[in-house]
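The structure file coords09.cif is reproduced below (mmCIF, C-alpha atoms).
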```
data_start
loop_
_atom_site.label_atom_id
_atom_site.label_comp_id
_atom_site.auth_asym_id
_atom_site.auth_seq_id
_atom_site.Cartn_x
_atom_site.Cartn_y
_atom_site.Cartn_z
CA MET A 1 -87.63 224.46 152.47
CA ASN A 2 -88.07 220.94 153.89
CA VAL A 3 -90.14 219.01 151.36
CA PRO A 4 -91.80 215.92 152.89
CA ASN A 5 -90.69 212.46 151.70
CA THR A 6 -94.21 211.03 151.77
CA ALA A 7 -97.63 212.42 150.94
CA PRO A 8 -98.19 215.39 153.26
CA GLU A 9 -101.21 215.94 155.47
CA LEU A 10 -103.16 218.90 154.14
CA PHE A 11 -105.27 221.60 155.84
CA THR A 12 -103.94 221.10 159.38
CA TRP A 13 -102.90 224.02 161.60
CA GLU A 14 -99.27 223.11 160.91
CA PHE A 15 -99.95 223.12 157.18
CA ALA A 16 -101.62 226.55 157.43
CA GLY A 17 -98.46 228.03 158.96
CA ASP A 18 -96.33 226.99 155.97
CA PRO A 19 -98.12 225.12 153.17
CA TYR A 20 -95.30 225.52 150.66
CA PRO A 21 -93.36 222.29 151.39
CA ALA A 22 -96.57 220.29 150.99
CA TYR A 23 -97.36 222.08 147.74
CA ALA A 24 -93.84 221.35 146.47
CA TRP A 25 -94.47 217.65 147.12
CA LEU A 26 -97.78 217.77 145.27
CA ARG A 27 -96.26 219.58 142.26
CA GLU A 28 -93.62 216.86 142.03
CA HIS A 29 -95.62 213.72 142.79
CA SER A 30 -99.34 214.45 142.38
CA PRO A 31 -99.80 217.72 140.48
CA VAL A 32 -103.55 217.21 140.02
CA HIS A 33 -104.48 215.72 143.36
CA TRP A 34 -107.81 214.29 144.58
CA THR A 35 -108.39 215.13 148.24
CA THR A 36 -111.06 215.50 150.91
CA LEU A 37 -111.38 219.03 152.22
CA PRO A 38 -112.11 219.94 155.87
CA SER A 39 -115.77 220.50 154.92
CA GLY A 40 -116.01 216.90 153.67
CA VAL A 41 -116.24 217.95 150.01
CA GLU A 42 -113.90 216.06 147.65
CA ALA A 43 -112.09 218.04 144.97
CA TRP A 44 -109.12 218.14 142.63
CA LEU A 45 -106.19 220.41 143.58
CA VAL A 46 -104.21 221.78 140.61
CA THR A 47 -100.71 222.81 141.70
CA ARG A 48 -98.43 223.36 138.67
CA TYR A 49 -98.25 226.77 137.03
CA ALA A 50 -98.94 225.65 133.44
CA ASP A 51 -101.89 223.48 134.51
CA ALA A 52 -103.24 226.23 136.77
CA ARG A 53 -103.13 228.82 134.01
CA GLN A 54 -104.91 226.42 131.65
CA ALA A 55 -107.61 225.59 134.20
CA LEU A 56 -108.29 229.22 135.10
CA ALA A 57 -109.09 230.00 131.46
CA ASP A 58 -110.91 226.75 130.56
CA GLY A 59 -114.55 227.41 129.69
CA ARG A 60 -115.44 223.80 130.51
CA LEU A 61 -114.84 224.59 134.18
CA SER A 62 -117.96 226.42 135.31
CA LYS A 63 -118.20 228.78 138.26
CA ASN A 64 -121.85 227.85 138.81
CA PRO A 65 -122.17 225.43 141.77
CA GLU A 66 -125.26 223.91 140.15
CA HIS A 67 -122.80 221.94 138.00
CA HIS A 68 -121.42 220.23 141.12
CA ALA A 69 -122.20 216.52 140.99
CA GLU A 70 -123.22 216.58 144.68
CA ASP A 71 -126.73 216.85 146.10
CA ALA A 72 -128.12 220.10 147.54
CA GLN A 73 -126.39 219.53 150.88
CA GLY A 74 -123.06 219.01 149.15
CA LYS A 75 -123.55 222.12 147.02
CA SER A 76 -124.15 224.16 150.17
CA ARG A 77 -120.65 223.32 151.43
CA THR A 78 -118.97 225.22 148.61
CA GLY A 79 -118.75 228.97 148.13
CA ILE A 80 -119.08 231.73 150.74
CA PRO A 81 -120.79 230.62 153.99
CA GLY A 82 -124.32 231.94 154.24
CA GLU A 83 -124.61 233.30 150.69
CA ARG A 84 -127.16 230.70 149.59
CA SER A 85 -129.55 231.20 152.51
CA ALA A 86 -129.24 234.99 152.15
CA ASN A 87 -130.15 234.84 148.44
CA LEU A 88 -126.77 236.28 147.41
CA MET A 89 -125.68 233.66 144.89
CA THR A 90 -125.91 235.72 141.68
CA HIS A 91 -122.48 237.34 141.63
CA LEU A 92 -119.26 237.18 139.63
CA LEU A 93 -117.78 234.27 141.60
CA ASN A 94 -120.75 231.99 140.88
CA ILE A 95 -121.83 232.65 137.29
CA ASP A 96 -120.64 232.06 133.73
CA PRO A 97 -121.07 233.98 130.48
CA PRO A 98 -123.26 235.56 129.25
CA ASP A 99 -124.52 236.72 132.69
CA HIS A 100 -120.95 237.03 133.95
CA THR A 101 -120.04 239.21 130.96
CA ARG A 102 -123.05 241.47 131.53
CA LEU A 103 -122.52 241.96 135.26
CA ARG A 104 -118.75 242.36 134.99
CA ARG A 105 -119.21 245.08 132.35
CA LEU A 106 -121.48 247.02 134.70
CA VAL A 107 -119.18 246.82 137.70
CA SER A 108 -115.90 247.31 135.81
CA LYS A 109 -116.71 251.00 135.38
CA ALA A 110 -115.86 251.49 139.07
CA PHE A 111 -112.37 250.05 138.62
CA THR A 112 -111.04 251.87 135.57
CA PRO A 113 -107.53 253.34 135.91
CA ARG A 114 -109.08 256.82 136.04
CA ARG A 115 -111.48 255.94 138.87
CA VAL A 116 -108.75 254.19 140.85
CA ALA A 117 -106.42 257.18 140.38
CA GLU A 118 -109.17 259.48 141.65
CA PHE A 119 -109.46 257.29 144.75
CA THR A 120 -105.72 257.57 145.58
CA PRO A 121 -105.98 260.60 147.91
CA ARG A 122 -108.74 258.94 149.93
CA VAL A 123 -106.67 255.75 150.37
CA GLN A 124 -103.69 257.83 151.51
CA GLU A 125 -105.93 259.75 153.93
CA LEU A 126 -107.27 256.52 155.43
CA THR A 127 -103.76 255.07 155.69
CA ASP A 128 -102.33 258.07 157.50
CA ASP A 129 -105.33 258.33 159.81
CA LEU A 130 -104.99 254.70 160.91
CA ILE A 131 -101.24 255.03 161.51
CA ASP A 132 -101.86 258.26 163.46
CA ARG A 133 -104.00 256.28 165.89
CA PHE A 134 -101.32 253.75 166.90
CA ALA A 135 -98.04 255.55 166.11
CA PRO A 136 -97.86 257.23 169.57
CA HIS A 137 -98.02 253.85 171.35
CA GLY A 138 -94.85 252.26 169.95
CA GLU A 139 -96.66 248.98 169.30
CA ALA A 140 -99.64 247.69 167.35
CA ASP A 141 -101.35 244.66 165.92
CA LEU A 142 -101.01 245.48 162.25
CA ILE A 143 -103.91 243.22 161.28
CA HIS A 144 -106.49 244.56 163.74
CA ASP A 145 -105.28 248.17 163.80
CA PHE A 146 -104.31 248.67 160.18
CA ALA A 147 -104.63 245.96 157.52
CA PHE A 148 -108.24 245.13 158.45
CA PRO A 149 -109.89 248.57 158.74
CA LEU A 150 -108.14 250.16 155.74
CA PRO A 151 -109.82 248.12 152.96
CA ILE A 152 -113.13 248.00 154.86
CA TYR A 153 -113.43 251.78 154.91
CA ALA A 154 -112.13 252.04 151.34
CA ILE A 155 -114.63 249.56 149.87
CA CYS A 156 -117.46 251.16 151.89
CA ASP A 157 -116.57 254.53 150.35
CA LEU A 158 -116.49 252.97 146.90
CA LEU A 159 -119.89 251.31 147.36
CA GLY A 160 -121.42 254.45 148.83
CA VAL A 161 -121.99 253.24 152.40
CA PRO A 162 -122.49 256.37 154.58
CA ARG A 163 -119.64 257.07 157.00
CA GLU A 164 -121.94 256.69 160.01
CA ASP A 165 -122.73 253.08 158.97
CA GLN A 166 -119.19 251.95 158.18
CA ASP A 167 -118.32 250.74 161.68
CA ASP A 168 -121.28 248.34 161.47
CA PHE A 169 -119.80 246.99 158.25
CA ARG A 170 -116.48 246.61 160.02
CA ASP A 171 -118.11 244.49 162.74
CA TRP A 172 -119.96 242.28 160.25
CA ALA A 173 -116.87 241.84 158.11
CA GLY A 174 -114.83 240.92 161.17
CA MET A 175 -117.25 238.10 161.93
CA MET A 176 -117.05 236.87 158.33
CA ILE A 177 -113.27 236.43 158.36
CA ARG A 178 -113.01 234.85 161.81
CA HIS A 179 -114.35 231.57 160.44
CA GLY A 180 -113.95 229.12 163.32
CA GLY A 181 -112.89 231.83 165.74
CA GLY A 182 -116.37 233.29 166.29
CA PRO A 183 -119.64 231.91 167.64
CA ARG A 184 -121.29 229.05 165.79
CA GLY A 185 -123.29 230.36 162.83
CA GLY A 186 -121.80 233.83 163.20
CA VAL A 187 -120.65 234.03 159.58
CA ALA A 188 -124.12 233.25 158.21
CA ARG A 189 -125.72 235.76 160.59
CA SER A 190 -123.30 238.47 159.49
CA VAL A 191 -124.02 237.70 155.83
CA LYS A 192 -127.76 238.06 156.49
CA LYS A 193 -127.20 241.39 158.24
CA ILE A 194 -125.16 242.66 155.31
CA ARG A 195 -127.85 241.42 152.90
CA GLY A 196 -130.58 243.26 154.77
CA TYR A 197 -128.55 246.45 154.99
CA LEU A 198 -127.67 246.41 151.28
CA ALA A 199 -131.32 245.95 150.30
CA GLU A 200 -132.25 248.95 152.44
CA LEU A 201 -129.35 251.05 151.11
CA ILE A 202 -130.22 250.29 147.48
CA HIS A 203 -133.80 251.35 148.18
CA ARG A 204 -132.63 254.60 149.82
CA LYS A 205 -130.22 255.46 147.04
CA ARG A 206 -132.88 255.20 144.37
CA GLY A 207 -134.11 258.57 145.60
CA ASP A 208 -130.66 260.10 146.10
CA LEU A 209 -128.17 258.88 143.51
CA GLY A 210 -124.50 259.80 143.92
CA ASP A 211 -121.18 258.99 142.29
CA ASP A 212 -120.71 255.67 144.08
CA LEU A 213 -120.87 252.10 142.79
CA ILE A 214 -124.36 251.31 144.12
CA SER A 215 -125.74 254.43 142.43
CA GLY A 216 -124.01 253.34 139.22
CA LEU A 217 -125.67 249.92 139.37
CA ILE A 218 -129.08 251.54 139.94
CA ARG A 219 -128.56 253.87 136.95
CA ALA A 220 -127.58 250.91 134.77
CA SER A 221 -130.70 249.04 135.84
CA ASP A 222 -132.89 252.06 135.11
CA HIS A 223 -131.37 252.32 131.61
CA GLY A 224 -132.40 248.85 130.54
CA GLU A 225 -129.50 246.67 131.75
CA HIS A 226 -132.01 244.45 133.61
CA LEU A 227 -130.11 244.31 136.88
CA THR A 228 -132.39 242.86 139.55
CA GLU A 229 -132.22 243.96 143.17
CA ASN A 230 -130.86 240.52 144.12
CA GLU A 231 -128.12 240.86 141.51
CA ALA A 232 -127.24 244.35 142.73
CA ALA A 233 -127.12 243.23 146.36
CA ALA A 234 -125.10 240.12 145.49
CA MET A 235 -122.65 242.18 143.45
CA CYS A 236 -122.11 244.63 146.31
CA PHE A 237 -121.75 241.75 148.75
CA VAL A 238 -119.07 239.94 146.77
CA LEU A 239 -117.17 243.17 146.14
CA LEU A 240 -117.15 243.72 149.89
CA PHE A 241 -116.19 240.13 150.68
CA ALA A 242 -113.54 239.73 147.96
CA GLY A 243 -112.40 243.33 148.13
CA PHE A 244 -111.49 243.55 151.78
CA GLU A 245 -110.07 240.14 152.73
CA THR A 246 -107.66 239.98 149.80
CA THR A 247 -106.29 243.41 150.69
CA ILE A 248 -106.03 242.59 154.41
CA ASN A 249 -103.89 239.62 153.47
CA LEU A 250 -101.82 241.51 150.91
CA ILE A 251 -100.87 244.09 153.56
CA GLY A 252 -100.45 241.55 156.37
CA ASN A 253 -98.59 238.86 154.42
CA GLY A 254 -96.54 241.49 152.60
CA THR A 255 -95.43 243.25 155.78
CA TYR A 256 -94.63 239.91 157.42
CA ALA A 257 -92.56 238.80 154.43
CA LEU A 258 -90.57 242.05 154.53
CA LEU A 259 -89.96 241.70 158.28
CA ARG A 260 -88.71 238.12 157.73
CA ASN A 261 -86.42 239.25 154.89
CA PRO A 262 -84.54 242.25 156.35
CA GLY A 263 -82.20 242.68 153.39
CA GLN A 264 -85.10 243.06 150.98
CA ARG A 265 -86.96 245.31 153.41
CA GLN A 266 -83.92 247.60 153.83
CA ARG A 267 -83.46 247.85 150.09
CA LEU A 268 -87.11 248.84 149.63
CA GLN A 269 -86.98 251.30 152.51
CA GLU A 270 -83.93 253.04 151.07
CA SER A 271 -85.62 253.22 147.66
CA ILE A 272 -88.72 254.80 149.21
CA GLY A 273 -86.52 257.25 151.09
CA ARG A 274 -85.05 258.40 147.76
CA GLY A 275 -88.54 258.97 146.39
CA GLU A 276 -88.23 256.18 143.84
CA THR A 277 -91.15 254.01 142.72
CA ALA A 278 -89.67 251.25 140.53
CA LEU A 279 -88.78 248.87 143.37
CA LEU A 280 -92.15 249.43 145.04
CA ASP A 281 -93.87 248.54 141.77
CA THR A 282 -91.98 245.27 141.25
CA GLY A 283 -92.04 244.62 144.99
CA ILE A 284 -95.83 244.55 145.23
CA GLU A 285 -95.97 242.00 142.42
CA GLU A 286 -93.31 239.87 144.12
CA LEU A 287 -95.16 239.94 147.43
CA LEU A 288 -98.31 238.82 145.61
CA ARG A 289 -96.37 235.91 144.13
CA TYR A 290 -94.28 234.95 147.16
CA ASP A 291 -97.05 234.67 149.78
CA GLY A 292 -100.16 236.08 148.18
CA PRO A 293 -103.54 236.82 149.77
CA VAL A 294 -105.48 234.14 147.85
CA GLU A 295 -104.24 230.60 148.39
CA LEU A 296 -106.76 228.77 146.22
CA ALA A 297 -108.87 230.21 143.41
CA THR A 298 -112.61 229.99 144.00
CA TRP A 299 -114.58 226.89 143.07
CA ARG A 300 -114.91 225.51 139.56
CA PHE A 301 -116.96 222.51 138.37
CA ALA A 302 -116.39 220.40 135.27
CA THR A 303 -119.30 220.64 132.83
CA GLU A 304 -117.92 217.75 130.75
CA PRO A 305 -115.04 215.27 131.00
CA LEU A 306 -111.65 216.94 130.51
CA THR A 307 -107.97 216.40 131.17
CA ILE A 308 -105.70 218.64 133.26
CA GLY A 309 -102.03 217.80 133.64
CA GLY A 310 -102.64 214.27 132.36
CA GLN A 311 -105.38 213.63 134.91
CA ARG A 312 -108.91 212.83 133.74
CA ILE A 313 -111.58 214.99 135.42
CA ALA A 314 -115.16 213.71 135.44
CA THR A 315 -118.29 215.79 134.78
CA GLY A 316 -119.41 217.48 137.98
CA ASP A 317 -116.07 217.18 139.75
CA PRO A 318 -114.97 220.27 141.74
CA VAL A 319 -111.60 221.74 140.76
CA LEU A 320 -109.58 224.10 142.97
CA VAL A 321 -106.57 225.83 141.41
CA VAL A 322 -103.89 226.30 144.07
CA LEU A 323 -102.50 229.74 143.22
CA ALA A 324 -99.98 229.57 146.08
CA ALA A 325 -98.49 226.36 144.67
CA ALA A 326 -98.47 227.56 141.06
CA ASP A 327 -96.69 230.78 142.00
CA ARG A 328 -93.85 228.80 143.62
CA ASP A 329 -93.42 226.45 140.62
CA PRO A 330 -89.69 226.22 139.74
CA ALA A 331 -90.66 225.34 136.17
CA ARG A 332 -91.94 228.92 135.83
CA PHE A 333 -90.05 231.05 138.38
CA SER A 334 -86.33 230.94 139.12
CA GLU A 335 -85.61 230.44 142.82
CA PRO A 336 -89.33 230.55 143.60
CA ASP A 337 -88.89 230.25 147.38
CA THR A 338 -86.71 233.38 147.50
CA LEU A 339 -88.26 236.81 147.96
CA ASP A 340 -86.75 239.03 145.25
CA LEU A 341 -88.35 242.46 145.06
CA THR A 342 -86.47 243.17 141.82
CA ARG A 343 -88.03 240.18 140.00
CA ARG A 344 -89.08 241.29 136.51
CA ASP A 345 -90.40 238.14 134.81
CA ASN A 346 -93.29 237.83 137.22
CA GLN A 347 -96.55 236.81 135.56
CA HIS A 348 -97.91 235.45 138.83
CA LEU A 349 -101.46 234.18 139.27
CA GLY A 350 -102.07 235.99 142.54
CA TYR A 351 -105.24 237.63 141.20
CA GLY A 352 -106.17 234.81 138.84
CA HIS A 353 -106.22 234.63 135.05
CA GLY A 354 -108.78 234.66 132.26
CA ILE A 355 -112.28 236.13 132.32
CA HIS A 356 -112.48 235.75 136.11
CA TYR A 357 -109.31 237.77 136.76
CA CYS A 358 -109.91 239.81 139.91
CA LEU A 359 -111.88 242.90 138.97
CA GLY A 360 -110.70 244.85 142.00
CA ALA A 361 -106.98 244.10 141.51
CA PRO A 362 -106.09 247.73 140.61
CA LEU A 363 -107.71 249.00 143.82
CA ALA A 364 -106.09 246.25 145.92
CA ARG A 365 -102.69 247.09 144.46
CA LEU A 366 -103.24 250.76 145.23
CA GLU A 367 -104.18 250.01 148.84
CA GLY A 368 -101.32 247.53 149.33
CA ARG A 369 -98.76 249.83 147.77
CA THR A 370 -99.96 252.87 149.78
CA ALA A 371 -100.05 250.90 153.03
CA LEU A 372 -96.56 249.41 152.71
CA GLU A 373 -94.93 252.60 151.44
CA THR A 374 -96.45 254.66 154.26
CA LEU A 375 -95.61 252.13 156.97
CA LEU A 376 -91.95 251.90 155.95
CA ARG A 377 -91.64 255.66 155.57
CA ARG A 378 -93.38 256.67 158.81
CA LEU A 379 -92.21 253.76 161.02
CA PRO A 380 -88.70 253.06 159.73
CA ASP A 381 -87.65 250.80 162.64
CA LEU A 382 -90.77 248.61 162.48
CA GLU A 383 -90.02 245.10 163.76
CA LEU A 384 -91.87 241.91 164.61
CA ALA A 385 -92.90 241.71 168.27
CA ALA A 386 -93.57 237.96 168.41
CA ASP A 387 -91.88 234.66 167.64
CA PRO A 388 -92.94 233.68 164.09
CA ALA A 389 -93.75 230.20 165.43
CA ASP A 390 -96.41 231.74 167.68
CA LEU A 391 -98.28 233.52 164.90
CA ARG A 392 -101.53 231.92 163.81
CA TRP A 393 -103.05 231.91 160.35
CA ARG A 394 -106.79 232.20 159.84
CA GLY A 395 -108.76 229.11 159.03
CA GLY A 396 -110.60 228.88 155.74
CA LEU A 397 -109.98 227.36 152.37
CA ILE A 398 -109.58 230.15 149.83
CA MET A 399 -107.75 233.00 151.55
CA ARG A 400 -104.34 233.01 153.24
CA GLY A 401 -103.82 235.55 156.01
CA LEU A 402 -102.54 236.08 159.53
CA ARG A 403 -104.89 236.37 162.49
CA ASP A 404 -102.61 238.97 164.06
CA LEU A 405 -99.26 240.64 163.44
CA PRO A 406 -97.82 242.27 166.56
CA VAL A 407 -95.10 244.84 165.86
CA ARG A 408 -93.13 247.46 167.76
CA PHE A 409 -91.40 250.65 166.71
CA THR A 410 -90.25 253.99 168.06
CA ALA A 411 -93.35 255.91 169.16
CA THR A 412 -93.97 259.03 167.11
#
```
Can I see the file as structure tokens?
Amino acid sequence: MNVPNTAPELFTWEFAGDPYPAYAWLREHSPVHWTTLPSGVEAWLVTRYADARQALADGRLSKNPEHHAEDAQGKSRTGIPGERSANLMTHLLNIDPPDHTRLRRLVSKAFTPRRVAEFTPRVQELTDDLIDRFAPHGEADLIHDFAFPLPIYAICDLLGVPREDQDDFRDWAGMMIRHGGGPRGGVARSVKKIRGYLAELIHRKRGDLGDDLISGLIRASDHGEHLTENEAAAMCFVLLFAGFETTINLIGNGTYALLRNPGQRQRLQESIGRGETALLDTGIEELLRYDGPVELATWRFATEPLTIGGQRIATGDPVLVVLAAADRDPARFSEPDTLDLTRRDNQHLGYGHGIHYCLGAPLARLEGRTALETLLRRLPDLELAADPADLRWRGGLIMRGLRDLPVRFTAT
């Protein structure tokens, strides 16, 4: 890894392709770094593992953007595009206890180990169905044809979106993750469409409750949990938004990392062929650490002056914890820039830490594990069909994922 000698330029297209040398420089020379983001918002970047872990669990760093020291226009440049205008702000990424505790308790019932285990056959069915569609062609774009639709259909099933409506969700979600690649204002329009659909679906389900997450939220509201319709819609929206893009990137980044590390890929493939699970278990965690789906944790704002890594943070300052940098910190991980699927001491921060630890992590792990295991088993000679230098990474601040991943294999 070629670490720059001087302060690196951040958030360029070149940086997006491989941000890790720049993060190594920041960890060494400016571990809590004040910078201007592409949106024009100024924020602190926290890059060392110990500091990141502290910040993620620090109650003085609020998730509520109202604590941002900026004016209303500045506040609107943080968070998910379009969520403010669509009245979808009251969700787990934007609130603090006690409201966060209340809403998380309601939603967590959908992600218990038992519920996730019950969902396993459906995830396998979706995985096989998607591979069936492109396996006869001998080539595919693994993002468009596989990594993108799999979590969309899975989260729609979990929420209780009828099958006949799920392709609409797929279109709206596609617009949300294109960022600069779609028409101007397309993200906000897609968010408004999702908001309108969720309001209608919640209304419909009140008269026909099922075993899905939306029905569960309605039951909780009817039993005195005081869940407003806006809260229910916002919760469903953020589960969709956070639940599909992280899994797209886990599958895409994970497959790409395996294709770039053939020795590790062969070892995993042989283990899968023997019906073993141990290397797949540690391998998923290593892929989350090595090039995980979430590059920066979502926004936090200082509610009082505090110190992180020796740096004084003022009240109202935005703080962004760089998970990708922390998970390559040599002070915490031996040979952090090496992909080692056997790594045991691997308390990575890929899904966060503290009370805001990703609620859907068990489902994302299930989907990622199922996708990678099935790909390597069914398409054993899978290989990259493009020069790595030609691959493009999606724009955006929080997530890290490929726009496309062309592959080829023996048609089956």
Polymer residues at most 8 Å from (-110.2, 225.0, 142.8) by only C-alpha atoms, as a compact mmCIF listing (two decimals) with C-alpha atoms, keeping the file's coordinate frame:
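Below is the file selection.txt, written as the result:
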```
# COMPACT_ATOMS: atom_id res chain seq x y z
CA ALA A 43 -112.09 218.04 144.97
CA TRP A 44 -109.12 218.14 142.63
CA LEU A 45 -106.19 220.41 143.58
CA VAL A 46 -104.21 221.78 140.61
CA LEU A 296 -106.76 228.77 146.22
CA ALA A 297 -108.87 230.21 143.41
CA THR A 298 -112.61 229.99 144.00
CA TRP A 299 -114.58 226.89 143.07
CA ARG A 300 -114.91 225.51 139.56
CA PRO A 318 -114.97 220.27 141.74
CA VAL A 319 -111.60 221.74 140.76
CA LEU A 320 -109.58 224.10 142.97
CA VAL A 321 -106.57 225.83 141.41
CA VAL A 322 -103.89 226.30 144.07
```
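You will find CA of Thr282 (chain A) at 5.9 Å from CA of Thr342 (chain A).
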Item to complete: Determine the residue membership of the PyMOL selection byres ((chain A and resi 353) around 12) for the file above and supply it as JSON, numbers by chain.
Response: {"A": [49, 50, 51, 52, 53, 54, 55, 56, 57, 58, 297, 298, 321, 323, 347, 348, 349, 350, 351, 352, 354, 355, 356, 357, 358, 359, 361]}
Kindly provide the residues of region 336-372 of chain A that approach region 250-266 of chain A to within 7 Å, each paired with its closest atom pair and their distance in Å to one decimal, based on all atoms listed in the file, listed by chain and increasing number, as JSON lines.
```
{"residue": "A:Leu341", "atom": "CA", "partner": "A:Gln264", "partner_atom": "CA", "distance": 6.8}
{"residue": "A:Gly368", "atom": "CA", "partner": "A:Ile251", "partner_atom": "CA", "distance": 5.5}
{"residue": "A:Ala371", "atom": "CA", "partner": "A:Ile251", "partner_atom": "CA", "distance": 6.9}
{"residue": "A:Leu372", "atom": "CA", "partner": "A:Ile251", "partner_atom": "CA", "distance": 6.9}
```
Take the PyMOL selection byres ((chain A and resi 61-65) around 6), apply it to the structure above, and return the hits as a compact mmCIF listing (two decimals) with C-alpha atoms, in the frame of the given file.
```txt
# COMPACT_ATOMS: atom_id res chain seq x y z
CA ASP A 58 -110.91 226.75 130.56
CA GLY A 59 -114.55 227.41 129.69
CA ARG A 60 -115.44 223.80 130.51
CA GLU A 66 -125.26 223.91 140.15
CA HIS A 67 -122.80 221.94 138.00
CA HIS A 68 -121.42 220.23 141.12
CA ASN A 94 -120.75 231.99 140.88
CA ILE A 95 -121.83 232.65 137.29
CA ARG A 300 -114.91 225.51 139.56
CA PHE A 301 -116.96 222.51 138.37
CA ALA A 302 -116.39 220.40 135.27
```
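You can rank A:Cys156, A:Ala173, A:Ala278, A:Leu268 by their closest distance to Cys236 (chain A) using all atoms listed in the file, and at the top of that list sits A:Cys156.
For Leu37 (chain A), the list of residues within 9 Å, based on all atoms listed in the file and with local chain neighbours fewer than 4 positions off taken out, reads A:Leu10, A:Phe11, A:Val41, A:Glu42, A:Ala43, A:Leu397.
If all atoms listed in the file are the atoms counted, then among A:Leu240, A:Ile202, A:Met1, A:Ala135 the closest residue to Pro151 (chain A) is A:Leu240.
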Worksheet item: Could you name the residues that touch Gly243 (chain A) at 9 Å or less, counting only C-alpha atoms, but leaving out those on the same chain fewer than 4 positions away, as a VMD selection string?
Response: chain A and resid 151 to 152 155 238 to 239 247 to 248 360 to 361 363 to 364
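Here CA of Ile143 (chain A) stands at a distance of 5.2 Å from CA of Asp404 (chain A).
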Discussion item. List as a ChimeraX atom specification the protein and nucleic acid residues near His29 (chain A), meaning an atom at most 12 Å away when only C-alpha atoms are counted, but skip any in the same chain fewer than 2 places from it.
Written reply: /A:3-8,22-27,31-33,46-48,309
Practice prompt. Given the file shown, enumerate the residues that the PyMOL selection byres ((chain A and resi 158-171) around 9) captures and present them as a VMD selection string.
Written response: chain A and resid 110 119 148 to 149 152 to 157 172 to 176 190 194 198 201 210 to 215 236 239 to 240
Written selection (C-alpha atoms) as a PDB file, in the coordinates of the input:
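Final output, result.pdb:
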```pdb
ATOM      1  CA  ALA A 110    -115.860 251.490 139.070  1.00  0.00           C
ATOM      2  CA  PHE A 119    -109.460 257.290 144.750  1.00  0.00           C
ATOM      3  CA  PHE A 148    -108.240 245.130 158.450  1.00  0.00           C
ATOM      4  CA  PRO A 149    -109.890 248.570 158.740  1.00  0.00           C
ATOM      5  CA  ILE A 152    -113.130 248.000 154.860  1.00  0.00           C
ATOM      6  CA  TYR A 153    -113.430 251.780 154.910  1.00  0.00           C
ATOM      7  CA  ALA A 154    -112.130 252.040 151.340  1.00  0.00           C
ATOM      8  CA  ILE A 155    -114.630 249.560 149.870  1.00  0.00           C
ATOM      9  CA  CYS A 156    -117.460 251.160 151.890  1.00  0.00           C
ATOM     10  CA  ASP A 157    -116.570 254.530 150.350  1.00  0.00           C
ATOM     11  CA  TRP A 172    -119.960 242.280 160.250  1.00  0.00           C
ATOM     12  CA  ALA A 173    -116.870 241.840 158.110  1.00  0.00           C
ATOM     13  CA  GLY A 174    -114.830 240.920 161.170  1.00  0.00           C
ATOM     14  CA  MET A 175    -117.250 238.100 161.930  1.00  0.00           C
ATOM     15  CA  MET A 176    -117.050 236.870 158.330  1.00  0.00           C
ATOM     16  CA  SER A 190    -123.300 238.470 159.490  1.00  0.00           C
ATOM     17  CA  ILE A 194    -125.160 242.660 155.310  1.00  0.00           C
ATOM     18  CA  LEU A 198    -127.670 246.410 151.280  1.00  0.00           C
ATOM     19  CA  LEU A 201    -129.350 251.050 151.110  1.00  0.00           C
ATOM     20  CA  GLY A 210    -124.500 259.800 143.920  1.00  0.00           C
ATOM     21  CA  ASP A 211    -121.180 258.990 142.290  1.00  0.00           C
ATOM     22  CA  ASP A 212    -120.710 255.670 144.080  1.00  0.00           C
ATOM     23  CA  LEU A 213    -120.870 252.100 142.790  1.00  0.00           C
ATOM     24  CA  ILE A 214    -124.360 251.310 144.120  1.00  0.00           C
ATOM     25  CA  SER A 215    -125.740 254.430 142.430  1.00  0.00           C
ATOM     26  CA  CYS A 236    -122.110 244.630 146.310  1.00  0.00           C
ATOM     27  CA  LEU A 239    -117.170 243.170 146.140  1.00  0.00           C
ATOM     28  CA  LEU A 240    -117.150 243.720 149.890  1.00  0.00           C
TER      29      LEU A 240
END
```
Worksheet, complete the sentence: One decimal place gives the CA of Phe111 (chain A)-CA of Arg328 (chain A) separation as 28.6 Å
Padded axis-aligned box of region 304-323 of chain A (8 Å per side), centre and edge lengths, Å, one decimal, as lines of an AutoDock Vina configuration file:
```
center_x = -110.7
center_y = 221.3
center_z = 137.3
size_x = 33.4
size_y = 32.9
size_z = 29.6
```
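Checking A:Lys192, A:Thr303, A:Asp129, A:Leu366 one by one against Asp96 (chain A), counting all atoms listed in the file, you find the shortest gap at A:Thr303.
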Discussion item. Between A:Gln311, A:Gln124, A:Thr35, A:Thr246, which residue has the minimum interatomic distance to Glu295 (chain A), considering only C-alpha atoms?
Written reply: A:Thr246
